[in-house]
file start16.cif (mmCIF, C-alpha atoms; chains and numbers go by the auth columns)
data_target
loop_
_atom_site.group_PDB
_atom_site.id
_atom_site.type_symbol
_atom_site.label_atom_id
_atom_site.label_comp_id
_atom_site.label_asym_id
_atom_site.label_seq_id
_atom_site.Cartn_x
_atom_site.Cartn_y
_atom_site.Cartn_z
_atom_site.B_iso_or_equiv
_atom_site.auth_seq_id
_atom_site.auth_asym_id
ATOM 1 C CA MET A 1 -4.033 -16.410 33.893 0.00 274 F
ATOM 2 C CA ASP A 2 -5.674 -19.013 31.650 0.00 275 F
ATOM 3 C CA LEU A 3 -2.631 -20.569 30.015 0.00 276 F
ATOM 4 C CA GLU A 4 -4.798 -22.702 27.755 0.00 277 F
ATOM 5 C CA ARG A 5 -5.863 -19.549 25.926 0.00 278 F
ATOM 6 C CA LEU A 6 -2.221 -18.800 25.181 0.00 279 F
ATOM 7 C CA LYS A 7 -1.822 -21.972 23.160 0.00 280 F
ATOM 8 C CA VAL A 8 -1.671 -21.219 19.447 0.00 281 F
ATOM 9 C CA THR A 9 -2.893 -23.176 16.488 0.00 282 F
ATOM 10 C CA THR A 10 -0.403 -24.732 14.111 0.00 283 F
ATOM 11 C CA ALA A 11 -1.150 -22.022 11.541 0.00 284 F
ATOM 12 C CA GLN A 12 -0.598 -19.211 14.014 0.00 285 F
ATOM 13 C CA GLN A 13 2.599 -20.693 15.354 0.00 286 F
ATOM 14 C CA GLY A 14 3.827 -21.419 11.847 0.00 287 F
ATOM 15 C CA PHE A 15 3.994 -17.795 10.798 0.00 288 F
ATOM 16 C CA THR A 16 6.762 -17.117 13.310 0.00 289 F
ATOM 17 C CA GLU A 17 8.861 -19.813 11.640 0.00 290 F
ATOM 18 C CA ARG A 18 8.631 -18.438 8.081 0.00 291 F
ATOM 19 C CA ASP A 19 11.842 -17.081 6.563 0.00 292 F
ATOM 20 C CA ASP A 20 10.444 -15.315 3.477 0.00 293 F
ATOM 21 C CA PRO A 21 8.437 -12.190 4.404 0.00 294 F
ATOM 22 C CA PHE A 22 6.934 -11.796 0.931 0.00 295 F
ATOM 23 C CA ALA A 23 5.655 -15.379 0.909 0.00 296 F
ATOM 24 C CA LEU A 24 4.198 -14.873 4.387 0.00 297 F
ATOM 25 C CA PHE A 25 2.586 -11.608 3.280 0.00 298 F
ATOM 26 C CA GLY A 26 1.025 -13.445 0.341 0.00 299 F
ATOM 27 C CA GLU A 27 -0.491 -16.032 2.691 0.00 300 F
ATOM 28 C CA TRP A 28 -1.930 -13.354 4.959 0.00 301 F
ATOM 29 C CA LEU A 29 -3.309 -11.328 2.056 0.00 302 F
ATOM 30 C CA ALA A 30 -4.977 -14.467 0.662 0.00 303 F
ATOM 31 C CA ASP A 31 -6.571 -15.060 4.070 0.00 304 F
ATOM 32 C CA ALA A 32 -7.754 -11.440 4.152 0.00 305 F
ATOM 33 C CA GLU A 33 -9.323 -11.762 0.696 0.00 306 F
ATOM 34 C CA LYS A 34 -11.528 -14.498 2.150 0.00 307 F
ATOM 35 C CA SER A 35 -12.490 -12.723 5.369 0.00 308 F
ATOM 36 C CA GLU A 36 -12.466 -8.955 4.806 0.00 309 F
ATOM 37 C CA PRO A 37 -15.801 -7.570 3.564 0.00 310 F
ATOM 38 C CA ASN A 38 -14.227 -4.614 1.729 0.00 311 F
ATOM 39 C CA ASP A 39 -10.845 -3.846 0.200 0.00 312 F
ATOM 40 C CA PRO A 40 -8.526 -6.444 1.739 0.00 313 F
ATOM 41 C CA ASN A 41 -5.737 -4.664 -0.181 0.00 314 F
ATOM 42 C CA ALA A 42 -6.320 -1.363 1.665 0.00 315 F
ATOM 43 C CA MET A 43 -3.267 0.020 3.415 0.00 316 F
ATOM 44 C CA THR A 44 -2.267 3.117 5.311 0.00 317 F
ATOM 45 C CA LEU A 45 0.449 5.047 3.493 0.00 318 F
ATOM 46 C CA ALA A 46 2.614 7.303 5.657 0.00 319 F
ATOM 47 C CA THR A 47 4.879 10.038 4.304 0.00 320 F
ATOM 48 C CA VAL A 48 6.476 13.223 5.635 0.00 321 F
ATOM 49 C CA ASP A 49 6.385 16.738 4.238 0.00 322 F
ATOM 50 C CA GLU A 50 9.349 19.062 3.721 0.00 323 F
ATOM 51 C CA GLU A 51 9.206 20.082 7.391 0.00 324 F
ATOM 52 C CA GLY A 52 9.224 16.473 8.578 0.00 325 F
ATOM 53 C CA LEU A 53 5.546 16.520 9.617 0.00 326 F
ATOM 54 C CA PRO A 54 3.941 13.102 8.996 0.00 327 F
ATOM 55 C CA ASN A 55 0.911 12.476 6.815 0.00 328 F
ATOM 56 C CA ALA A 56 -1.100 9.258 6.552 0.00 329 F
ATOM 57 C CA ARG A 57 -3.969 8.152 4.323 0.00 330 F
ATOM 58 C CA MET A 58 -5.567 4.982 2.963 0.00 331 F
ATOM 59 C CA VAL A 59 -4.605 3.743 -0.501 0.00 332 F
ATOM 60 C CA LEU A 60 -4.946 0.425 -2.314 0.00 333 F
ATOM 61 C CA LEU A 61 -2.158 -2.052 -2.959 0.00 334 F
ATOM 62 C CA LYS A 62 -2.148 -2.862 -6.675 0.00 335 F
ATOM 63 C CA GLY A 63 0.652 -5.370 -6.822 0.00 336 F
ATOM 64 C CA TYR A 64 3.563 -6.904 -4.942 0.00 337 F
ATOM 65 C CA ASP A 65 6.424 -9.285 -5.555 0.00 338 F
ATOM 66 C CA ALA A 66 9.818 -10.069 -4.080 0.00 339 F
ATOM 67 C CA LYS A 67 10.930 -6.554 -4.953 0.00 340 F
ATOM 68 C CA GLY A 68 8.219 -4.533 -3.214 0.00 341 F
ATOM 69 C CA PHE A 69 4.696 -3.160 -2.875 0.00 342 F
ATOM 70 C CA VAL A 70 3.094 -1.097 -5.660 0.00 343 F
ATOM 71 C CA PHE A 71 0.365 1.552 -5.660 0.00 344 F
ATOM 72 C CA TYR A 72 -0.638 4.281 -8.111 0.00 345 F
ATOM 73 C CA THR A 73 -1.367 7.961 -7.710 0.00 346 F
ATOM 74 C CA ASN A 74 -1.139 11.452 -9.157 0.00 347 F
ATOM 75 C CA TYR A 75 2.493 12.501 -8.757 0.00 348 F
ATOM 76 C CA GLU A 76 1.321 16.097 -8.300 0.00 349 F
ATOM 77 C CA SER A 77 -0.845 15.159 -5.297 0.00 350 F
ATOM 78 C CA GLN A 78 0.262 15.784 -1.729 0.00 351 F
ATOM 79 C CA LYS A 79 1.393 12.204 -1.207 0.00 352 F
ATOM 80 C CA GLY A 80 3.073 12.173 -4.597 0.00 353 F
ATOM 81 C CA GLN A 81 5.041 15.317 -3.848 0.00 354 F
ATOM 82 C CA GLU A 82 5.993 14.133 -0.360 0.00 355 F
ATOM 83 C CA ILE A 83 7.272 10.819 -1.685 0.00 356 F
ATOM 84 C CA LEU A 84 9.193 12.488 -4.496 0.00 357 F
ATOM 85 C CA GLY A 85 10.768 14.758 -1.897 0.00 358 F
ATOM 86 C CA THR A 86 12.148 11.931 0.263 0.00 359 F
ATOM 87 C CA MET A 87 11.749 8.698 -1.738 0.00 360 F
ATOM 88 C CA LYS A 88 10.855 6.988 1.554 0.00 361 F
ATOM 89 C CA ALA A 89 7.507 5.767 2.911 0.00 362 F
ATOM 90 C CA ALA A 90 5.790 3.381 5.311 0.00 363 F
ATOM 91 C CA LEU A 91 2.716 1.153 4.997 0.00 364 F
ATOM 92 C CA VAL A 92 0.356 -0.519 7.449 0.00 365 F
ATOM 93 C CA PHE A 93 -2.085 -3.314 6.588 0.00 366 F
ATOM 94 C CA HIS A 94 -4.694 -4.008 9.269 0.00 367 F
ATOM 95 C CA TRP A 95 -7.075 -6.932 8.826 0.00 368 F
ATOM 96 C CA LYS A 96 -9.511 -6.588 11.689 0.00 369 F
ATOM 97 C CA SER A 97 -11.393 -9.801 10.921 0.00 370 F
ATOM 98 C CA LEU A 98 -8.141 -11.762 11.285 0.00 371 F
ATOM 99 C CA ARG A 99 -6.650 -9.669 14.097 0.00 372 F
ATOM 100 C CA ARG A 100 -3.491 -9.252 12.064 0.00 373 F
ATOM 101 C CA GLN A 101 -1.306 -6.339 11.075 0.00 374 F
ATOM 102 C CA VAL A 102 1.668 -5.895 8.763 0.00 375 F
ATOM 103 C CA ARG A 103 3.964 -2.861 8.928 0.00 376 F
ATOM 104 C CA VAL A 104 6.327 -1.970 6.090 0.00 377 F
ATOM 105 C CA ARG A 105 9.088 0.662 5.965 0.00 378 F
ATOM 106 C CA GLY A 106 11.345 1.315 3.028 0.00 379 F
ATOM 107 C CA LEU A 107 12.744 3.264 0.156 0.00 380 F
ATOM 108 C CA VAL A 108 10.657 4.170 -2.877 0.00 381 F
ATOM 109 C CA GLU A 109 11.172 3.965 -6.619 0.00 382 F
ATOM 110 C CA LYS A 110 8.939 4.918 -9.538 0.00 383 F
ATOM 111 C CA VAL A 111 7.414 2.068 -11.497 0.00 384 F
ATOM 112 C CA SER A 112 8.335 1.895 -15.172 0.00 385 F
ATOM 113 C CA ALA A 113 6.241 3.670 -17.792 0.00 386 F
ATOM 114 C CA ALA A 114 5.252 0.279 -19.201 0.00 387 F
ATOM 115 C CA GLU A 115 3.979 -0.908 -15.812 0.00 388 F
ATOM 116 C CA ALA A 116 2.003 2.308 -15.330 0.00 389 F
ATOM 117 C CA ASP A 117 0.559 2.136 -18.846 0.00 390 F
ATOM 118 C CA ASP A 118 -0.560 -1.470 -18.374 0.00 391 F
ATOM 119 C CA TYR A 119 -2.272 -0.751 -15.064 0.00 392 F
ATOM 120 C CA PHE A 120 -3.867 2.484 -16.287 0.00 393 F
ATOM 121 C CA ALA A 121 -5.305 0.653 -19.301 0.00 394 F
ATOM 122 C CA SER A 122 -6.896 -1.918 -16.970 0.00 395 F
ATOM 123 C CA ARG A 123 -8.891 0.737 -15.072 0.00 396 F
ATOM 124 C CA PRO A 124 -12.531 1.485 -15.942 0.00 397 F
ATOM 125 C CA ARG A 125 -12.847 4.197 -18.580 0.00 398 F
ATOM 126 C CA ASP A 126 -14.526 6.611 -16.150 0.00 399 F
ATOM 127 C CA SER A 127 -11.622 6.215 -13.732 0.00 400 F
ATOM 128 C CA ARG A 128 -9.178 7.031 -16.515 0.00 401 F
ATOM 129 C CA ILE A 129 -11.183 10.166 -17.328 0.00 402 F
ATOM 130 C CA GLY A 130 -11.163 11.046 -13.626 0.00 403 F
ATOM 131 C CA ALA A 131 -7.360 10.851 -13.522 0.00 404 F
ATOM 132 C CA TRP A 132 -7.250 13.646 -16.092 0.00 405 F
ATOM 133 C CA ALA A 133 -10.053 15.684 -14.494 0.00 406 F
ATOM 134 C CA SER A 134 -8.809 15.749 -10.890 0.00 407 F
ATOM 135 C CA ALA A 135 -6.050 18.160 -9.860 0.00 408 F
ATOM 136 C CA GLN A 136 -5.612 15.962 -6.816 0.00 409 F
ATOM 137 C CA SER A 137 -5.006 17.625 -3.425 0.00 410 F
ATOM 138 C CA ARG A 138 -5.403 21.157 -4.804 0.00 411 F
ATOM 139 C CA PRO A 139 -8.221 23.576 -3.852 0.00 412 F
ATOM 140 C CA LEU A 140 -11.621 22.976 -5.479 0.00 413 F
ATOM 141 C CA GLN A 141 -14.187 25.763 -5.686 0.00 414 F
ATOM 142 C CA GLY A 142 -17.139 23.389 -5.763 0.00 415 F
ATOM 143 C CA ARG A 143 -18.443 20.119 -7.116 0.00 416 F
ATOM 144 C CA PHE A 144 -19.536 21.807 -10.329 0.00 417 F
ATOM 145 C CA GLU A 145 -15.932 22.687 -11.135 0.00 418 F
ATOM 146 C CA LEU A 146 -14.933 19.025 -10.887 0.00 419 F
ATOM 147 C CA GLU A 147 -17.916 17.872 -12.933 0.00 420 F
ATOM 148 C CA THR A 148 -17.033 20.438 -15.600 0.00 421 F
ATOM 149 C CA GLN A 149 -13.527 19.033 -15.829 0.00 422 F
ATOM 150 C CA VAL A 150 -14.893 15.493 -16.089 0.00 423 F
ATOM 151 C CA ALA A 151 -17.244 16.532 -18.901 0.00 424 F
ATOM 152 C CA MET A 152 -14.427 18.312 -20.746 0.00 425 F
ATOM 153 C CA TYR A 153 -12.116 15.308 -20.693 0.00 426 F
ATOM 154 C CA ALA A 154 -14.940 12.896 -21.450 0.00 427 F
ATOM 155 C CA ALA A 155 -15.611 14.915 -24.605 0.00 428 F
ATOM 156 C CA LYS A 156 -11.915 15.128 -25.452 0.00 429 F
ATOM 157 C CA TYR A 157 -11.516 11.358 -25.214 0.00 430 F
ATOM 158 C CA ALA A 158 -14.992 10.407 -26.417 0.00 431 F
ATOM 159 C CA ILE A 159 -13.555 8.146 -29.079 0.00 432 F
ATOM 160 C CA GLY A 160 -10.629 5.783 -28.803 0.00 433 F
ATOM 161 C CA ASN A 161 -8.173 5.186 -26.009 0.00 434 F
ATOM 162 C CA VAL A 162 -7.823 7.350 -22.917 0.00 435 F
ATOM 163 C CA PRO A 163 -4.049 7.826 -22.546 0.00 436 F
ATOM 164 C CA ARG A 164 -2.303 7.876 -19.194 0.00 437 F
ATOM 165 C CA PRO A 165 -1.659 11.405 -17.909 0.00 438 F
ATOM 166 C CA PRO A 166 2.082 12.153 -17.692 0.00 439 F
ATOM 167 C CA HIS A 167 1.693 13.054 -13.997 0.00 440 F
ATOM 168 C CA TRP A 168 -0.122 9.811 -13.112 0.00 441 F
ATOM 169 C CA SER A 169 1.964 6.744 -12.359 0.00 442 F
ATOM 170 C CA GLY A 170 3.016 4.330 -9.631 0.00 443 F
ATOM 171 C CA PHE A 171 5.440 3.946 -6.778 0.00 444 F
ATOM 172 C CA ARG A 172 7.074 0.792 -5.487 0.00 445 F
ATOM 173 C CA ILE A 173 7.976 0.560 -1.796 0.00 446 F
ATOM 174 C CA LEU A 174 11.257 -1.346 -1.473 0.00 447 F
ATOM 175 C CA PRO A 175 11.078 -2.587 2.116 0.00 448 F
ATOM 176 C CA VAL A 176 13.949 -2.603 4.549 0.00 449 F
ATOM 177 C CA ALA A 177 11.641 -3.714 7.385 0.00 450 F
ATOM 178 C CA ILE A 178 8.454 -5.821 7.415 0.00 451 F
ATOM 179 C CA GLU A 179 6.791 -6.610 10.730 0.00 452 F
ATOM 180 C CA PHE A 180 4.015 -9.183 11.200 0.00 453 F
ATOM 181 C CA TRP A 181 1.709 -8.856 14.209 0.00 454 F
ATOM 182 C CA HIS A 182 -0.928 -11.347 15.345 0.00 455 F
ATOM 183 C CA ASP A 183 -3.335 -10.720 18.198 0.00 456 F
ATOM 184 C CA ARG A 184 -3.093 -13.019 21.195 0.00 457 F
ATOM 185 C CA PRO A 185 -5.002 -13.113 24.500 0.00 458 F
ATOM 186 C CA PHE A 186 -4.049 -10.765 27.329 0.00 459 F
ATOM 187 C CA ARG A 187 -2.167 -8.518 24.839 0.00 460 F
ATOM 188 C CA LEU A 188 0.641 -11.075 24.690 0.00 461 F
ATOM 189 C CA HIS A 189 0.741 -10.761 20.914 0.00 462 F
ATOM 190 C CA ASP A 190 3.076 -12.475 18.453 0.00 463 F
ATOM 191 C CA ARG A 191 5.422 -10.102 16.618 0.00 464 F
ATOM 192 C CA VAL A 192 8.066 -11.037 14.072 0.00 465 F
ATOM 193 C CA VAL A 193 10.136 -8.475 12.175 0.00 466 F
ATOM 194 C CA PHE A 194 12.309 -8.934 9.095 0.00 467 F
ATOM 195 C CA ARG A 195 15.013 -6.298 8.597 0.00 468 F
ATOM 196 C CA ARG A 196 17.796 -5.610 6.131 0.00 469 F
ATOM 197 C CA ALA A 197 20.213 -2.721 5.614 0.00 470 F
ATOM 198 C CA SER A 198 19.152 -2.137 2.005 0.00 471 F
ATOM 199 C CA PRO A 199 16.738 -3.646 -0.533 0.00 472 F
ATOM 200 C CA GLN A 200 19.648 -5.639 -1.994 0.00 473 F
ATOM 201 C CA ASP A 201 20.623 -7.323 1.283 0.00 474 F
ATOM 202 C CA ALA A 202 19.440 -10.551 2.882 0.00 475 F
ATOM 203 C CA TRP A 203 16.757 -10.493 5.575 0.00 476 F
ATOM 204 C CA ASN A 204 17.415 -10.887 9.272 0.00 477 F
ATOM 205 C CA LYS A 205 14.494 -12.080 11.383 0.00 478 F
ATOM 206 C CA ALA A 206 13.754 -11.422 15.036 0.00 479 F
ATOM 207 C CA ARG A 207 10.864 -11.945 17.437 0.00 480 F
ATOM 208 C CA LEU A 208 9.747 -8.928 19.442 0.00 481 F
ATOM 209 C CA TYR A 209 8.081 -8.481 22.784 0.00 482 F
ATOM 210 C CA PRO A 210 4.431 -7.498 22.300 0.00 483 F
#
call {"tool": "encode", "arguments": {"input": "start16.cif", "output": "structure tokens"}}
result
Amino acid sequence: MDLERLKVTTAQQGFTERDDPFALFGEWLADAEKSEPNDPNAMTLATVDEEGLPNARMVLLKGYDAKGFVFYTNYESQKGQEILGTMKAALVFHWKSLRRQVRVRGLVEKVSAAEADDYFASRPRDSRIGAWASAQSRPLQGRFELETQVAMYAAKYAIGNVPRPPHWSGFRILPVAIEFWHDRPFRLHDRVVFRRASPQDAWNKARLYP
């Protein structure tokens, strides 16, 4: 085995010494914003249905802080209903250009109405119209049906502000586990996990075998 290839750079080695997972996530996201060609804030969102069968899909991270990770959706959608049924979820960020991955597991809370209003107002007008027009995750007879709904709401809100639909808002994942993974040669990867019993507790950090 070529042991020289196992030597890590200062930056790579440094991540295993960090004690604040949110600060480390911020560093990795900033790196991804420089290297990923599309949507560095894309993440896999995993939920379970009422029978415990998992579902996963890609969504976009719209904010994070020391409390958690925020995204927005239609609460009446499949993912919205599954989250509301358990108030638990998991996330995965995978930045292929950096050979890095972050896994998040935690409880979920709704964002405040003020937070949702502020974000909704920042979206392009056509996207706000689309939030009204799409009965997300429910059967659609054809594209024409969707386009008809878009036209109807575009006419309804032709003048003035497009208000936020009452069923459209955000969720915040309150992590109880955040794992950082960095590719290394020979599949001898670096893995560090931060865990806590609840979102109010202090973090405990551990290194994991690859």
call {"tool": "resolve_selection", "arguments": {"input": "start16.cif", "expression": "the PyMOL selection byres ((chain F and resi 442) around 10)", "output": "PyMOL selection string"}}
result
chain F and resi 344-348+353+383-390+392-393+437-441+443-444
call {"tool": "closest_residue", "arguments": {"input": "start16.cif", "among": "F:Arg372, F:Lys429, F:Arg416, F:Lys335", "to": "Arg396 (chain F)", "atoms": "all atoms listed in the file"}}
result
F:Lys335
call {"tool": "closest_residue", "arguments": {"input": "start16.cif", "among": "F:Ala427, F:Asn477, F:Thr421, F:Thr317", "to": "Arg401 (chain F)", "atoms": "all atoms listed in the file"}}
result
F:Ala427
call {"tool": "atom_distance", "arguments": {"input": "start16.cif", "atom1": "CA of Asp304 (chain F)", "atom2": "CA of Lys369 (chain F)"}}
result
11.8 Å
call {"tool": "resolve_selection", "arguments": {"input": "start16.cif", "expression": "the PyMOL selection byres ((chain F and resi 454-463) around 7)", "output": "PyMOL selection string"}}
result
chain F and resi 278-279+372-375+452-453+464-465+483
call {"tool": "residues_around", "arguments": {"input": "start16.cif", "residues": "Val365 (chain F)", "least_positions_apart": "6", "cutoff": "9 Å", "atoms": "only C-alpha atoms", "output": "tab-separated table (two decimals) with C-alpha atoms, in the coordinates of the input"}}
result
chain	number	residue	atom	x	y	z
F	315	ALA	CA	-6.32	-1.36	1.66
F	316	MET	CA	-3.27	0.02	3.42
F	317	THR	CA	-2.27	3.12	5.31
F	318	LEU	CA	0.45	5.05	3.49
F	319	ALA	CA	2.61	7.30	5.66
F	374	GLN	CA	-1.31	-6.34	11.08
F	375	VAL	CA	1.67	-5.90	8.76
F	376	ARG	CA	3.96	-2.86	8.93
F	377	VAL	CA	6.33	-1.97	6.09
F	378	ARG	CA	9.09	0.66	5.96
call {"tool": "closest_residue", "arguments": {"input": "start16.cif", "among": "F:Phe366, F:Pro412, F:Arg398, F:Asp322", "to": "Gln354 (chain F)", "atoms": "only C-alpha atoms"}}
result
F:Asp322
call {"tool": "residues_around", "arguments": {"input": "start16.cif", "residues": "Asp292 (chain F)", "least_positions_apart": "4", "cutoff": "10 Å", "atoms": "only C-alpha atoms", "output": "list of chain:residue names"}}
result
F:Phe288, F:Ala296, F:Leu297, F:Phe467, F:Trp476, F:Asn477, F:Lys478
call {"tool": "closest_residue", "arguments": {"input": "start16.cif", "among": "F:Ala424, F:Ala303, F:Gln351, F:Ala450", "to": "Asp399 (chain F)", "atoms": "only C-alpha atoms"}}
result
F:Ala424
call {"tool": "atom_distance", "arguments": {"input": "start16.cif", "atom1": "CA of Ser395 (chain F)", "atom2": "CA of Ala431 (chain F)"}}
result
17.5 Å
call {"tool": "atom_distance", "arguments": {"input": "start16.cif", "atom1": "CA of Ala475 (chain F)", "atom2": "CA of Leu357 (chain F)"}}
result
26.3 Å
call {"tool": "closest_residue", "arguments": {"input": "start16.cif", "among": "F:Met360, F:Leu326, F:Val381, F:Ala339", "to": "Arg445 (chain F)", "atoms": "only C-alpha atoms"}}
result
F:Val381
call {"tool": "build_atoms", "arguments": {"input": "start16.cif", "residues": "region 355-380 of chain F", "atoms": "N, CA and C atoms", "output": "compact mmCIF listing (two decimals), keeping the file's coordinate frame"}}
result
# COMPACT_ATOMS: atom_id res chain seq x y z
N GLU F 355 5.23 14.49 -1.57
CA GLU F 355 5.99 14.13 -0.36
C GLU F 355 6.90 12.93 -0.61
N ILE F 356 6.42 11.97 -1.37
CA ILE F 356 7.27 10.82 -1.68
C ILE F 356 8.43 11.24 -2.58
N LEU F 357 8.13 12.04 -3.60
CA LEU F 357 9.19 12.49 -4.50
C LEU F 357 10.24 13.31 -3.76
N GLY F 358 9.83 13.95 -2.66
CA GLY F 358 10.77 14.76 -1.90
C GLY F 358 11.71 13.96 -1.03
N THR F 359 11.31 12.74 -0.64
CA THR F 359 12.15 11.93 0.26
C THR F 359 12.50 10.56 -0.31
N MET F 360 11.64 10.05 -1.19
CA MET F 360 11.75 8.70 -1.74
C MET F 360 11.81 7.66 -0.62
N LYS F 361 11.02 7.92 0.44
CA LYS F 361 10.86 6.99 1.55
C LYS F 361 9.38 6.98 1.95
N ALA F 362 8.91 5.85 2.48
CA ALA F 362 7.51 5.77 2.91
C ALA F 362 7.32 4.56 3.82
N ALA F 363 6.15 4.51 4.46
CA ALA F 363 5.79 3.38 5.31
C ALA F 363 4.35 2.98 5.01
N LEU F 364 4.05 1.71 5.23
CA LEU F 364 2.72 1.15 5.00
C LEU F 364 2.26 0.40 6.24
N VAL F 365 0.95 0.34 6.43
CA VAL F 365 0.36 -0.52 7.45
C VAL F 365 -0.86 -1.21 6.84
N PHE F 366 -0.90 -2.53 6.93
CA PHE F 366 -2.08 -3.31 6.59
C PHE F 366 -2.71 -3.76 7.90
N HIS F 367 -4.01 -3.55 8.06
CA HIS F 367 -4.69 -4.01 9.27
C HIS F 367 -5.93 -4.78 8.85
N TRP F 368 -5.94 -6.07 9.15
CA TRP F 368 -7.08 -6.93 8.83
C TRP F 368 -7.80 -7.27 10.12
N LYS F 369 -8.82 -6.48 10.40
CA LYS F 369 -9.51 -6.59 11.69
C LYS F 369 -10.16 -7.95 11.88
N SER F 370 -10.71 -8.51 10.80
CA SER F 370 -11.39 -9.80 10.92
C SER F 370 -10.42 -10.91 11.31
N LEU F 371 -9.16 -10.76 10.98
CA LEU F 371 -8.14 -11.76 11.28
C LEU F 371 -7.29 -11.40 12.50
N ARG F 372 -7.47 -10.17 12.99
CA ARG F 372 -6.65 -9.67 14.10
C ARG F 372 -5.17 -9.75 13.75
N ARG F 373 -4.86 -9.24 12.54
CA ARG F 373 -3.49 -9.25 12.06
C ARG F 373 -3.11 -7.87 11.53
N GLN F 374 -1.83 -7.61 11.57
CA GLN F 374 -1.31 -6.34 11.08
C GLN F 374 0.07 -6.58 10.47
N VAL F 375 0.34 -5.86 9.38
CA VAL F 375 1.67 -5.90 8.76
C VAL F 375 2.14 -4.46 8.60
N ARG F 376 3.35 -4.18 9.07
CA ARG F 376 3.96 -2.86 8.93
C ARG F 376 5.16 -2.96 7.99
N VAL F 377 5.27 -1.98 7.09
CA VAL F 377 6.33 -1.97 6.09
C VAL F 377 7.01 -0.60 6.11
N ARG F 378 8.32 -0.58 6.10
CA ARG F 378 9.09 0.66 5.96
C ARG F 378 10.12 0.46 4.88
N GLY F 379 10.34 1.51 4.06
CA GLY F 379 11.34 1.32 3.03
C GLY F 379 11.60 2.51 2.16
N LEU F 380 12.45 2.28 1.18
CA LEU F 380 12.74 3.26 0.16
C LEU F 380 11.70 3.15 -0.95
